[in-house]
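Next comes upload_22.txt, with compact mmCIF, C-alpha atoms and all ligand atoms.
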```txt
# COMPACT_ATOMS: atom_id res chain seq x y z
CA MET A 1 47.91 43.23 80.02
CA LYS A 2 44.19 43.04 80.70
CA THR A 3 42.26 44.94 83.35
CA ARG A 4 42.76 43.43 86.82
CA LYS A 5 40.38 43.46 89.75
CA ILE A 6 41.58 44.96 93.03
CA LYS A 7 38.29 44.81 94.92
CA GLU A 8 34.64 44.67 93.96
CA HIS A 9 34.08 47.46 91.38
CA ILE A 10 37.69 48.69 91.64
CA TYR A 11 40.12 47.76 88.87
CA TRP A 12 43.72 48.27 87.86
CA MET A 13 44.22 49.43 84.30
CA GLY A 14 47.31 50.70 82.57
CA SER A 15 50.54 49.32 81.33
CA VAL A 16 53.60 47.49 82.61
CA ASP A 17 56.66 48.87 80.89
CA TRP A 18 59.34 46.18 81.01
CA ASP A 19 61.74 47.86 78.59
CA SER A 20 62.28 51.49 79.61
CA ARG A 21 65.63 52.13 81.24
CA LEU A 22 65.56 55.91 81.56
CA PHE A 23 62.79 58.25 82.71
CA ASP A 24 62.69 61.93 81.71
CA SER A 25 66.01 61.27 79.92
CA LEU A 26 67.53 61.43 83.43
CA ILE A 27 66.36 58.82 85.93
CA PRO A 28 67.60 55.23 85.54
CA LEU A 29 64.89 52.58 85.56
CA PRO A 30 66.83 49.36 86.22
CA ASP A 31 63.60 47.41 86.71
CA GLY A 32 61.34 49.19 84.21
CA THR A 33 58.14 50.68 85.59
CA SER A 34 54.37 50.64 85.33
CA TYR A 35 51.81 53.33 84.59
CA ASN A 36 48.76 52.54 86.68
CA ALA A 37 45.30 53.90 86.02
CA TYR A 38 42.35 52.82 88.17
CA LEU A 39 38.71 52.38 87.30
CA ILE A 40 36.15 52.86 90.07
CA GLU A 41 32.55 51.90 89.38
CA GLY A 42 30.03 53.48 91.72
CA SER A 43 26.34 52.64 91.70
CA GLU A 44 25.67 55.81 89.67
CA LYS A 45 28.92 57.08 88.17
CA THR A 46 32.21 55.69 86.97
CA ALA A 47 35.60 57.35 87.39
CA LEU A 48 38.99 56.72 85.82
CA LEU A 49 41.95 57.83 87.93
CA ASP A 50 44.96 58.89 85.84
CA THR A 51 45.96 57.49 82.44
CA VAL A 52 49.30 56.24 81.05
CA ASP A 53 52.42 57.46 79.30
CA PRO A 54 51.59 58.27 75.65
CA PRO A 55 53.79 55.50 74.16
CA MET A 56 51.62 52.98 76.06
CA ASP A 57 48.30 54.48 74.93
CA GLN A 58 47.09 51.47 72.97
CA GLU A 59 47.07 49.25 76.03
CA LEU A 60 44.82 51.53 78.05
CA MET A 61 42.56 52.33 75.11
CA GLU A 62 42.07 48.59 74.49
CA GLN A 63 41.24 48.06 78.18
CA LEU A 64 38.65 50.84 77.91
CA GLU A 65 36.93 49.19 74.96
CA GLY A 66 34.64 47.28 77.28
CA ILE A 67 33.75 50.35 79.35
CA PRO A 68 30.70 52.06 77.81
CA LYS A 69 30.69 55.18 79.98
CA ILE A 70 33.10 57.16 82.09
CA ASP A 71 31.72 60.14 83.95
CA TYR A 72 34.88 61.46 85.53
CA ILE A 73 38.56 61.34 84.60
CA VAL A 74 40.61 62.28 87.64
CA SER A 75 44.02 63.78 86.93
CA GLN A 76 45.99 63.60 90.15
CA HIS A 77 49.19 64.89 88.58
CA ALA A 78 49.76 66.75 85.32
CA GLU A 79 53.05 65.08 84.34
CA GLN A 80 52.54 63.36 81.02
CA ASP A 81 53.32 59.82 82.16
CA HIS A 82 49.92 59.97 83.92
CA SER A 83 48.06 62.65 82.02
CA GLY A 84 49.44 62.16 78.51
CA ILE A 85 46.45 60.45 76.95
CA ILE A 86 43.71 62.38 78.73
CA PRO A 87 42.86 64.05 75.38
CA GLN A 88 42.33 60.59 73.79
CA VAL A 89 40.20 59.41 76.71
CA LEU A 90 38.15 62.62 76.62
CA LYS A 91 37.61 62.08 72.90
CA LYS A 92 36.30 58.56 73.58
CA TYR A 93 34.07 59.81 76.43
CA PRO A 94 33.05 63.35 75.36
CA GLY A 95 30.61 63.71 78.25
CA ALA A 96 33.22 63.02 80.90
CA LYS A 97 34.39 65.77 83.24
CA LEU A 98 38.09 66.14 83.93
CA ILE A 99 38.68 66.46 87.67
CA SER A 100 41.85 68.19 88.79
CA SER A 101 43.22 70.60 91.34
CA PRO A 102 42.94 74.24 90.22
CA LYS A 103 46.69 74.39 89.72
CA ALA A 104 46.69 71.23 87.61
CA LYS A 105 44.03 72.71 85.35
CA GLY A 106 46.39 75.38 84.05
CA MET A 107 49.19 72.88 83.64
CA LEU A 108 47.01 70.39 81.75
CA ILE A 109 45.90 73.17 79.39
CA ASP A 110 49.52 74.20 78.86
CA LEU A 111 50.88 70.66 78.41
CA LEU A 112 48.04 68.93 76.58
CA GLN A 113 45.82 71.73 75.30
CA VAL A 114 42.81 70.22 77.06
CA PRO A 115 39.72 72.39 76.41
CA GLU A 116 38.90 74.55 79.41
CA ASP A 117 35.24 73.53 79.47
CA SER A 118 36.20 69.88 80.11
CA PHE A 119 37.31 70.68 83.66
CA LYS A 120 35.75 70.49 87.06
CA THR A 121 38.35 71.63 89.57
CA VAL A 122 38.24 70.37 93.14
CA GLU A 123 39.41 72.11 96.28
CA ASP A 124 41.40 70.45 99.02
CA GLY A 125 39.08 68.09 100.94
CA GLU A 126 36.26 68.27 98.40
CA THR A 127 34.28 65.07 97.78
CA LEU A 128 32.66 63.62 94.69
CA SER A 129 29.93 61.00 94.90
CA LEU A 130 29.81 58.06 92.51
CA GLY A 131 26.65 56.79 94.23
CA ASP A 132 27.71 54.19 96.74
CA LYS A 133 31.34 55.27 96.53
CA THR A 134 32.81 58.65 97.50
CA LEU A 135 36.06 60.14 96.28
CA LYS A 136 37.76 62.65 98.55
CA PHE A 137 40.49 64.76 96.99
CA ILE A 138 43.36 65.72 99.25
CA HIS A 139 45.83 68.24 97.90
CA THR A 140 49.37 67.03 98.49
CA PRO A 141 51.58 69.60 96.78
CA TRP A 142 55.14 68.83 95.74
CA VAL A 143 54.99 65.09 95.39
CA HIS A 144 56.69 66.13 93.23
CA TRP A 145 55.04 68.97 91.28
CA PRO A 146 53.10 71.88 92.80
CA GLU A 147 49.67 70.69 91.60
CA THR A 148 49.65 67.12 92.93
CA MET A 149 46.75 65.62 94.83
CA VAL A 150 45.73 62.17 96.04
CA THR A 151 42.29 60.56 96.10
CA TYR A 152 40.83 58.75 99.10
CA LEU A 153 38.04 56.29 98.39
CA GLU A 154 36.12 56.60 101.63
CA GLU A 155 34.00 53.44 101.67
CA ASP A 156 36.90 51.13 100.73
CA ARG A 157 39.58 53.08 102.60
CA ILE A 158 41.90 53.04 99.60
CA LEU A 159 44.32 55.86 98.95
CA PHE A 160 45.16 56.46 95.29
CA SER A 161 48.42 58.33 95.49
CA CYS A 162 49.90 58.74 91.97
CA ASP A 163 53.69 59.30 92.28
CA PHE A 164 53.49 59.56 96.10
CA PHE A 165 54.59 56.15 97.54
CA GLY A 166 55.27 54.90 94.00
CA SER A 167 58.10 52.71 92.80
CA HIS A 168 59.51 51.96 89.39
CA ILE A 169 59.13 48.20 89.04
CA ALA A 170 57.80 46.20 86.13
CA THR A 171 56.18 43.04 87.44
CA THR A 172 53.10 40.90 86.98
CA ASP A 173 52.40 41.16 90.73
CA LEU A 174 49.42 43.44 91.25
CA PHE A 175 50.09 43.66 95.00
CA VAL A 176 53.42 44.06 96.79
CA ALA A 177 54.85 40.58 97.20
CA ASP A 178 58.44 41.37 98.20
CA GLU A 179 58.63 44.36 100.55
CA GLY A 180 62.45 44.41 100.47
CA ARG A 181 62.50 44.85 96.71
CA VAL A 182 59.80 47.49 96.79
CA TYR A 183 61.50 49.35 99.66
CA GLU A 184 64.63 49.71 97.54
CA ALA A 185 62.72 50.92 94.47
CA ALA A 186 60.48 53.28 96.46
CA LYS A 187 63.48 54.79 98.27
CA ARG A 188 65.22 55.32 94.94
CA TYR A 189 62.10 57.07 93.62
CA PHE A 190 61.79 59.21 96.77
CA ALA A 191 65.46 60.18 96.45
CA GLU A 192 65.24 61.08 92.79
CA ILE A 193 62.14 63.26 92.77
CA MET A 194 60.84 63.95 96.28
CA MET A 195 63.84 64.44 98.56
CA PRO A 196 64.12 68.18 97.74
CA PHE A 197 60.59 68.67 99.12
CA ARG A 198 60.94 66.57 102.26
CA SER A 199 59.60 69.24 104.64
CA ILE A 200 56.44 69.66 102.52
CA ILE A 201 56.10 65.90 102.20
CA ARG A 202 56.31 65.65 105.98
CA LYS A 203 53.26 67.96 106.15
CA ASN A 204 51.48 65.85 103.52
CA LEU A 205 52.09 62.74 105.62
CA GLU A 206 50.64 64.53 108.65
CA LYS A 207 47.64 65.48 106.55
CA LEU A 208 47.03 61.84 105.66
CA ALA A 209 47.47 60.59 109.23
CA PRO A 210 43.78 60.92 110.27
CA TYR A 211 42.59 58.70 107.42
CA PRO A 212 42.21 54.97 108.00
CA ILE A 213 44.05 53.56 104.99
CA GLU A 214 43.70 49.87 104.21
CA MET A 215 45.43 49.97 100.85
CA ILE A 216 47.60 52.40 98.87
CA ALA A 217 47.35 52.28 95.09
CA PRO A 218 50.12 54.37 93.48
CA SER A 219 50.39 55.13 89.77
CA HIS A 220 53.82 53.45 89.47
CA GLY A 221 54.58 50.01 90.87
CA GLN A 222 52.50 47.66 92.92
CA VAL A 223 49.51 48.21 95.20
CA TYR A 224 50.29 48.14 98.93
CA PRO A 225 47.91 45.84 100.84
CA ASN A 226 49.98 46.67 103.94
CA PRO A 227 50.30 50.46 103.71
CA LYS A 228 52.05 50.74 107.08
CA PHE A 229 55.21 49.41 105.45
CA ILE A 230 55.53 52.29 102.98
CA LEU A 231 54.10 54.94 105.32
CA ASP A 232 56.74 54.02 107.93
CA ALA A 233 59.46 54.13 105.28
CA TYR A 234 58.39 57.61 104.19
CA HIS A 235 58.32 58.79 107.80
CA ASP A 236 61.91 57.58 108.15
CA TRP A 237 63.03 59.28 104.95
CA VAL A 238 61.53 62.67 105.79
CA ASN A 239 62.12 62.67 109.55
CA GLY A 240 64.81 60.13 110.24
CA PRO A 241 68.17 61.13 111.71
CA SER A 242 71.21 60.97 109.48
CA LYS A 243 73.19 57.75 109.60
CA ASN A 244 76.80 57.03 110.45
CA THR A 245 77.53 56.84 106.73
CA VAL A 246 79.81 58.62 104.29
CA VAL A 247 78.70 58.81 100.68
CA LEU A 248 81.84 58.97 98.59
CA PRO A 249 81.31 59.73 94.88
CA TYR A 250 84.63 59.89 93.09
CA VAL A 251 86.36 59.89 89.75
CA SER A 252 90.02 59.21 89.08
CA MET A 253 92.11 59.73 85.96
CA HIS A 254 95.58 58.39 86.71
CA GLU A 255 94.85 56.49 89.94
CA SER A 256 96.19 59.08 92.41
CA THR A 257 92.71 60.14 93.51
CA LYS A 258 91.72 56.45 93.60
CA LEU A 259 94.64 55.72 95.99
CA MET A 260 93.39 58.49 98.25
CA VAL A 261 89.82 57.21 98.07
CA ASP A 262 90.86 53.67 98.94
CA HIS A 263 92.91 54.91 101.87
CA LEU A 264 90.07 57.04 103.21
CA VAL A 265 87.57 54.19 102.88
CA SER A 266 89.83 51.88 104.93
CA ALA A 267 90.43 54.57 107.55
CA LEU A 268 86.71 55.26 107.91
CA VAL A 269 85.82 51.59 108.15
CA GLU A 270 88.48 51.11 110.86
CA LYS A 271 86.78 53.87 112.81
CA GLY A 272 83.39 52.25 112.49
CA VAL A 273 81.98 54.55 109.80
CA ARG A 274 79.97 53.01 106.98
CA VAL A 275 80.94 54.06 103.41
CA GLU A 276 78.93 53.99 100.21
CA LEU A 277 81.37 54.32 97.33
CA PHE A 278 80.41 55.43 93.82
CA ASN A 279 82.81 55.49 90.89
CA LEU A 280 81.20 58.27 88.88
CA ALA A 281 82.59 56.91 85.63
CA VAL A 282 80.30 53.88 85.88
CA THR A 283 77.78 54.50 88.64
CA ASP A 284 73.99 54.41 88.49
CA ILE A 285 73.12 57.95 89.51
CA GLY A 286 69.87 56.73 91.10
CA LYS A 287 71.87 54.61 93.57
CA LEU A 288 73.90 57.67 94.48
CA ALA A 289 70.71 59.67 95.04
CA MET A 290 69.32 56.89 97.23
CA ALA A 291 72.48 56.84 99.35
CA LEU A 292 72.11 60.57 99.96
CA VAL A 293 68.72 60.16 101.67
CA ASP A 294 70.19 59.38 105.08
CA ALA A 295 73.99 59.72 104.97
CA ALA A 296 75.55 62.18 107.42
CA THR A 297 78.55 63.07 105.28
CA ILE A 298 79.51 63.48 101.63
CA VAL A 299 83.15 63.32 100.54
CA VAL A 300 83.75 64.07 96.87
CA GLY A 301 86.87 62.53 95.35
CA THR A 302 88.06 64.32 92.21
CA PRO A 303 91.21 65.08 90.32
CA THR A 304 91.74 68.64 89.15
CA VAL A 305 91.05 69.05 85.44
CA LEU A 306 91.60 72.36 83.67
CA ALA A 307 91.89 74.10 87.05
CA GLY A 308 88.61 72.73 88.43
CA PRO A 309 86.85 69.51 89.44
CA HIS A 310 86.42 66.70 86.95
CA PRO A 311 83.09 67.19 85.10
CA TYR A 312 81.71 63.97 86.62
CA ALA A 313 82.40 65.34 90.11
CA ALA A 314 80.78 68.63 89.12
CA TYR A 315 77.74 66.67 87.96
CA ALA A 316 77.55 64.82 91.31
CA ALA A 317 77.81 68.15 93.18
CA PHE A 318 75.10 69.68 90.98
CA LEU A 319 72.86 66.67 91.59
CA ALA A 320 73.39 66.75 95.36
CA ASN A 321 72.66 70.47 95.42
CA ALA A 322 69.42 69.94 93.49
CA LEU A 323 68.30 66.99 95.64
CA ARG A 324 69.01 68.86 98.92
CA PRO A 325 69.77 65.87 101.12
CA ASN A 326 69.87 66.29 104.88
CA THR A 327 73.64 65.77 104.92
CA LYS A 328 75.55 67.45 107.75
CA PHE A 329 79.21 67.40 106.71
CA LEU A 330 81.14 67.63 103.46
CA SER A 331 84.71 67.36 102.31
CA VAL A 332 86.73 67.05 99.11
CA ILE A 333 89.76 64.91 98.42
CA GLY A 334 91.85 64.50 95.28
CA SER A 335 95.02 64.96 93.37
CA TYR A 336 96.11 67.83 91.13
CA GLY A 337 98.95 68.28 88.66
CA TRP A 338 99.98 71.88 89.08
CA GLY A 339 97.19 73.88 90.71
CA GLY A 340 93.58 74.96 90.41
CA LYS A 341 90.45 75.91 92.29
CA THR A 342 88.73 72.56 92.67
CA VAL A 343 87.48 73.07 96.23
CA GLU A 344 86.32 76.64 95.62
CA THR A 345 84.48 75.60 92.44
CA LEU A 346 82.74 72.66 94.13
CA ALA A 347 81.86 74.76 97.20
CA GLY A 348 80.23 77.31 94.91
CA MET A 349 78.07 74.61 93.36
CA ILE A 350 76.31 73.51 96.55
CA PRO A 351 74.61 76.57 98.06
CA ASN A 352 71.53 74.51 98.96
CA LEU A 353 73.42 72.13 101.23
CA LYS A 354 73.53 73.29 104.83
CA VAL A 355 76.74 71.46 105.64
CA GLU A 356 79.81 72.00 107.76
CA VAL A 357 82.82 71.72 105.48
CA LEU A 358 85.60 69.55 106.90
CA SER A 359 89.20 70.24 105.85
CA PRO A 360 89.72 69.05 102.27
CA VAL A 361 92.71 66.89 101.43
CA LEU A 362 94.36 67.78 98.12
CA CYS A 363 97.77 66.57 97.08
CA LYS A 364 100.10 67.26 94.18
CA GLY A 365 100.59 64.20 92.01
CA VAL A 366 100.82 60.79 93.66
CA PRO A 367 99.73 60.93 97.31
CA SER A 368 102.59 61.20 99.77
CA GLU A 369 102.75 59.96 103.36
CA ASP A 370 101.63 63.43 104.41
CA ALA A 371 98.53 63.09 102.22
CA PHE A 372 97.70 59.69 103.72
CA LYS A 373 98.16 61.14 107.21
CA ALA A 374 95.79 63.98 106.29
CA LEU A 375 93.24 61.41 105.11
CA ASP A 376 93.57 59.56 108.43
CA ASP A 377 92.92 62.88 110.19
CA LEU A 378 89.86 63.47 107.99
CA ALA A 379 88.51 60.01 108.81
CA ALA A 380 89.04 60.67 112.52
CA ALA A 381 87.28 64.04 112.26
CA ILE A 382 84.29 62.48 110.46
CA ALA A 383 84.04 59.63 112.98
CA GLN A 384 84.19 62.14 115.85
CA LYS A 385 81.53 64.38 114.32
CA HIS A 386 79.23 61.41 113.74
CA LYS A 387 79.75 60.26 117.31
CA GLU A 388 79.06 63.72 118.74
CA HIS A 389 75.77 63.86 116.82
CA GLY A 390 74.77 60.34 117.84
CA PHE A 391 74.56 59.03 114.26
CA THR A 392 74.32 55.26 114.20
FE1 LIG A 401 55.02 59.58 87.43
FE2 LIG A 401 55.67 62.82 88.18
O1 LIG A 401 55.12 61.40 87.13
```

So that I can check it, write out the structure of this file as structure tokens.
Amino acid sequence: MKTRKIKEHIYWMGSVDWDSRLFDSLIPLPDGTSYNAYLIEGSEKTALLDTVDPPMDQELMEQLEGIPKIDYIVSQHAEQDHSGIIPQVLKKYPGAKLISSPKAKGMLIDLLQVPEDSFKTVEDGETLSLGDKTLKFIHTPWVHWPETMVTYLEEDRILFSCDFFGSHIATTDLFVADEGRVYEAAKRYFAEIMMPFRSIIRKNLEKLAPYPIEMIAPSHGQVYPNPKFILDAYHDWVNGPSKNTVVLPYVSMHESTKLMVDHLVSALVEKGVRVELFNLAVTDIGKLAMALVDAATIVVGTPTVLAGPHPYAAYAAFLANALRPNTKFLSVIGSYGWGGKTVETLAGMIPNLKVEVLSPVLCKGVPSEDAFKALDDLAAAIAQKHKEHGFT
């Protein structure tokens, strides 16, 4: 794609990646993604903000063919999908200075072997004049690495935010056209990489509050001409109360656990509790992560395999522990053949979750009437807990 104009002297560059379906060999990309770089032409100096993922290098380098001089390359985040071709860009513009946070400098040297004398590091709140345009660098750590910063273009009131507020969507729309679609993708992205740092992100949002922001230009996905939409969504995700929802990831081998899961789902729904159900044998792990953002309760459904939880259930527990959702309650249900330590093993895998554990329901073989009664009791206990906490 060719360079696209956002405003006078401000341009989108980069690449729309329609084909990728997995990021970092971990995160599903059902809608592809984009790697956005931005060119800002001041009356005296020109700056390029971020670059693209190395496999897409040709596209950005071709877009730069018509740009005779770049004075500053701003690296807002050292991860290679944005920094990966900084060495190529520096080679094309040997006089350019690489602007980064002090922490990013070390990371860029480690990851890309950028020469140390290329750098000009900027402190939190420092400004850089391009003539009639001024870049202000605001350190916003842990969105989602420790070195991350955003760039506020003062005269145009545009916030360039890199991963912060980003979404993985491949589209020809430069600006957000369908807020519902972007909400879903941005929430998925928040869940997958930012949820563990929600308290720090809350502080970053507070830090941005004094700035009048007319547009947010992230380095994945579309530009927000109505930034309130995504700022409000982030406020909800970091501050919002948990919802009257049970996230129920499960796996079943011979249908006994599935019978228990189905029974529990019906019992919860009858009591007015919303359920998000994920069959771990086929689920999109990003959807599971997204559901964890605001659910009050997790119930893991697993058979016992070799004396412990099924590996898929262990994976879901490991993921939940790493993502540190704000979940309040947890339980385990499932069937076993002769014995095991499924609950103890799963409980040991989630030290990061500050949850109250509700009585697990395990049964031997096919669930009996007693097992179904225990599931009804679990549903009642969950509904009561949600009611007591005012989750809606
Ligand atoms: Fe889009 Fe953390 O890189």

Taking into account all atoms listed in the file, which residue in the set A:Ser335, A:Gln384, A:Thr302, A:Thr3 is nearest to Tyr250 in chain A?
->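 Comparing A:Ser335, A:Gln384, A:Thr302, A:Thr3 against Tyr250 in chain A, the winner is A:Thr302.
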
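Closest approach to Val238 in chain A from the set A:Gln76, A:Thr51, A:Ser199, A:Ser266 is made by A:Ser199, with distances taken over all atoms listed in the file.
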
Taking (58.1, 55.8, 96.9) in the file's own coordinates, collect the residues within 9 Å, counting all atoms listed in the file, and hand them back as a ChimeraX atom specification.
-> /A:163-168,182-191,194,218,220,230,233-234

To one decimal in Å, tell me the separation between CA of Ala320 in chain A and CA of Met253 in chain A.
-> 22.1 Å

Would you mind listing what lies within 12 Å of Pro212 in chain A as a ChimeraX atom specification, with all atoms listed in the file counted and same-chain residues fewer than 2 positions away left out?
-> /A:152-159,207-210,214-216,227-228

Report as CSV: every residue of chain A with an atom at most 12 Å from ligand LIG 401 (chain A), its closest pair of atoms, and their distance in Å to one decimal, counting all atoms listed in the file, with rows sorted by chain and ascending residue number.
```
residue,atom,partner,partner_atom,distance
A:Phe23,CA,A:LIG401,FE1,9.2
A:Asp24,CA,A:LIG401,O1,9.3
A:Ile27,CA,A:LIG401,FE1,11.5
A:Thr33,CA,A:LIG401,FE1,9.6
A:Ser34,CA,A:LIG401,FE1,9.2
A:Tyr35,CA,A:LIG401,FE1,7.6
A:Asn36,CA,A:LIG401,FE1,9.5
A:Ala37,CA,A:LIG401,FE1,11.3
A:Asp50,CA,A:LIG401,FE1,10.2
A:Thr51,CA,A:LIG401,FE1,10.6
A:Val52,CA,A:LIG401,FE1,9.2
A:Asp53,CA,A:LIG401,FE1,8.8
A:Ser75,CA,A:LIG401,O1,11.4
A:Gln76,CA,A:LIG401,O1,9.9
A:His77,CA,A:LIG401,FE2,6.8
A:Ala78,CA,A:LIG401,FE2,7.7
A:Glu79,CA,A:LIG401,O1,5.1
A:Gln80,CA,A:LIG401,O1,6.9
A:Asp81,CA,A:LIG401,O1,5.5
A:His82,CA,A:LIG401,FE1,6.2
A:Ser83,CA,A:LIG401,O1,8.8
A:Gly84,CA,A:LIG401,O1,10.4
A:Pro141,CA,A:LIG401,FE2,11.7
A:Trp142,CA,A:LIG401,FE2,9.7
A:Val143,CA,A:LIG401,FE2,7.6
A:His144,CA,A:LIG401,FE2,6.1
A:Trp145,CA,A:LIG401,FE2,6.9
A:Pro146,CA,A:LIG401,FE2,10.5
A:Glu147,CA,A:LIG401,FE2,10.5
A:Thr148,CA,A:LIG401,FE2,8.8
A:Met149,CA,A:LIG401,FE2,11.5
A:Ser161,CA,A:LIG401,FE1,10.5
A:Cys162,CA,A:LIG401,FE1,6.9
A:Asp163,CA,A:LIG401,FE1,5.0
A:Phe164,CA,A:LIG401,FE1,8.8
A:Phe165,CA,A:LIG401,FE1,10.7
A:Gly166,CA,A:LIG401,FE1,8.1
A:Ser167,CA,A:LIG401,FE1,9.2
A:His168,CA,A:LIG401,FE1,9.1
A:Tyr189,CA,A:LIG401,FE1,9.7
A:Phe190,CA,A:LIG401,FE2,11.1
A:Glu192,CA,A:LIG401,FE2,10.8
A:Ile193,CA,A:LIG401,FE2,7.9
A:Met194,CA,A:LIG401,FE2,9.7
A:Pro218,CA,A:LIG401,FE1,9.4
A:Ser219,CA,A:LIG401,FE1,6.8
A:His220,CA,A:LIG401,FE1,6.6
A:Gly221,CA,A:LIG401,FE1,10.2
```

Could the residues in this selection be written to a file with C-alpha atoms, as a PDB file, in the coordinates of the input?
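So result-v8.pdb came out as:
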```pdb
ATOM      1  CA  PHE A  23      62.790  58.250  82.710  1.00  0.00           C
ATOM      2  CA  ASP A  24      62.690  61.930  81.710  1.00  0.00           C
ATOM      3  CA  ILE A  27      66.360  58.820  85.930  1.00  0.00           C
ATOM      4  CA  THR A  33      58.140  50.680  85.590  1.00  0.00           C
ATOM      5  CA  SER A  34      54.370  50.640  85.330  1.00  0.00           C
ATOM      6  CA  TYR A  35      51.810  53.330  84.590  1.00  0.00           C
ATOM      7  CA  ASN A  36      48.760  52.540  86.680  1.00  0.00           C
ATOM      8  CA  ALA A  37      45.300  53.900  86.020  1.00  0.00           C
ATOM      9  CA  ASP A  50      44.960  58.890  85.840  1.00  0.00           C
ATOM     10  CA  THR A  51      45.960  57.490  82.440  1.00  0.00           C
ATOM     11  CA  VAL A  52      49.300  56.240  81.050  1.00  0.00           C
ATOM     12  CA  ASP A  53      52.420  57.460  79.300  1.00  0.00           C
ATOM     13  CA  SER A  75      44.020  63.780  86.930  1.00  0.00           C
ATOM     14  CA  GLN A  76      45.990  63.600  90.150  1.00  0.00           C
ATOM     15  CA  HIS A  77      49.190  64.890  88.580  1.00  0.00           C
ATOM     16  CA  ALA A  78      49.760  66.750  85.320  1.00  0.00           C
ATOM     17  CA  GLU A  79      53.050  65.080  84.340  1.00  0.00           C
ATOM     18  CA  GLN A  80      52.540  63.360  81.020  1.00  0.00           C
ATOM     19  CA  ASP A  81      53.320  59.820  82.160  1.00  0.00           C
ATOM     20  CA  HIS A  82      49.920  59.970  83.920  1.00  0.00           C
ATOM     21  CA  SER A  83      48.060  62.650  82.020  1.00  0.00           C
ATOM     22  CA  GLY A  84      49.440  62.160  78.510  1.00  0.00           C
ATOM     23  CA  PRO A 141      51.580  69.600  96.780  1.00  0.00           C
ATOM     24  CA  TRP A 142      55.140  68.830  95.740  1.00  0.00           C
ATOM     25  CA  VAL A 143      54.990  65.090  95.390  1.00  0.00           C
ATOM     26  CA  HIS A 144      56.690  66.130  93.230  1.00  0.00           C
ATOM     27  CA  TRP A 145      55.040  68.970  91.280  1.00  0.00           C
ATOM     28  CA  PRO A 146      53.100  71.880  92.800  1.00  0.00           C
ATOM     29  CA  GLU A 147      49.670  70.690  91.600  1.00  0.00           C
ATOM     30  CA  THR A 148      49.650  67.120  92.930  1.00  0.00           C
ATOM     31  CA  MET A 149      46.750  65.620  94.830  1.00  0.00           C
ATOM     32  CA  SER A 161      48.420  58.330  95.490  1.00  0.00           C
ATOM     33  CA  CYS A 162      49.900  58.740  91.970  1.00  0.00           C
ATOM     34  CA  ASP A 163      53.690  59.300  92.280  1.00  0.00           C
ATOM     35  CA  PHE A 164      53.490  59.560  96.100  1.00  0.00           C
ATOM     36  CA  PHE A 165      54.590  56.150  97.540  1.00  0.00           C
ATOM     37  CA  GLY A 166      55.270  54.900  94.000  1.00  0.00           C
ATOM     38  CA  SER A 167      58.100  52.710  92.800  1.00  0.00           C
ATOM     39  CA  HIS A 168      59.510  51.960  89.390  1.00  0.00           C
ATOM     40  CA  TYR A 189      62.100  57.070  93.620  1.00  0.00           C
ATOM     41  CA  PHE A 190      61.790  59.210  96.770  1.00  0.00           C
ATOM     42  CA  GLU A 192      65.240  61.080  92.790  1.00  0.00           C
ATOM     43  CA  ILE A 193      62.140  63.260  92.770  1.00  0.00           C
ATOM     44  CA  MET A 194      60.840  63.950  96.280  1.00  0.00           C
ATOM     45  CA  PRO A 218      50.120  54.370  93.480  1.00  0.00           C
ATOM     46  CA  SER A 219      50.390  55.130  89.770  1.00  0.00           C
ATOM     47  CA  HIS A 220      53.820  53.450  89.470  1.00  0.00           C
ATOM     48  CA  GLY A 221      54.580  50.010  90.870  1.00  0.00           C
TER      49      GLY A 221
END
```

Can you list, as a PyMOL selection string, every protein, DNA or RNA residue that comes within 12 Å of Asp178 in chain A when you count all atoms listed in the file, leaving out same-chain residues fewer than 3 positions away?
-> chain A and resi 169+171+173-175+181-185+221-226+229

Gap from CA of Tyr93 in chain A to CA of Ile70 in chain A - Å, one decimal =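 Atom-to-atom, CA of Tyr93 in chain A and CA of Ile70 in chain A are spaced 6.3 Å apart.
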
Counting only C-alpha atoms, write as an MDAnalysis selection string all protein and nucleic acid residues lying at most 12 Å from (82.4, 60.5, 98.4) in the file's frame.
-> chainID A and resid 245:251 257:258 260:262 264:265 268 274:280 288 291:292 295:302 313 316:317 320 329:334 360

Here CA of Ala381 in chain A and CA of Asn244 in chain A stand apart by 12.7 Å

Please provide as a PyMOL selection string all residues within 12 Å of Thr134 in chain A, with the sequence filter that same-chain residues fewer than 2 positions apart are discarded (counting all atoms listed in the file).
-> chain A and resi 40-47+125-132+136-137+151-159
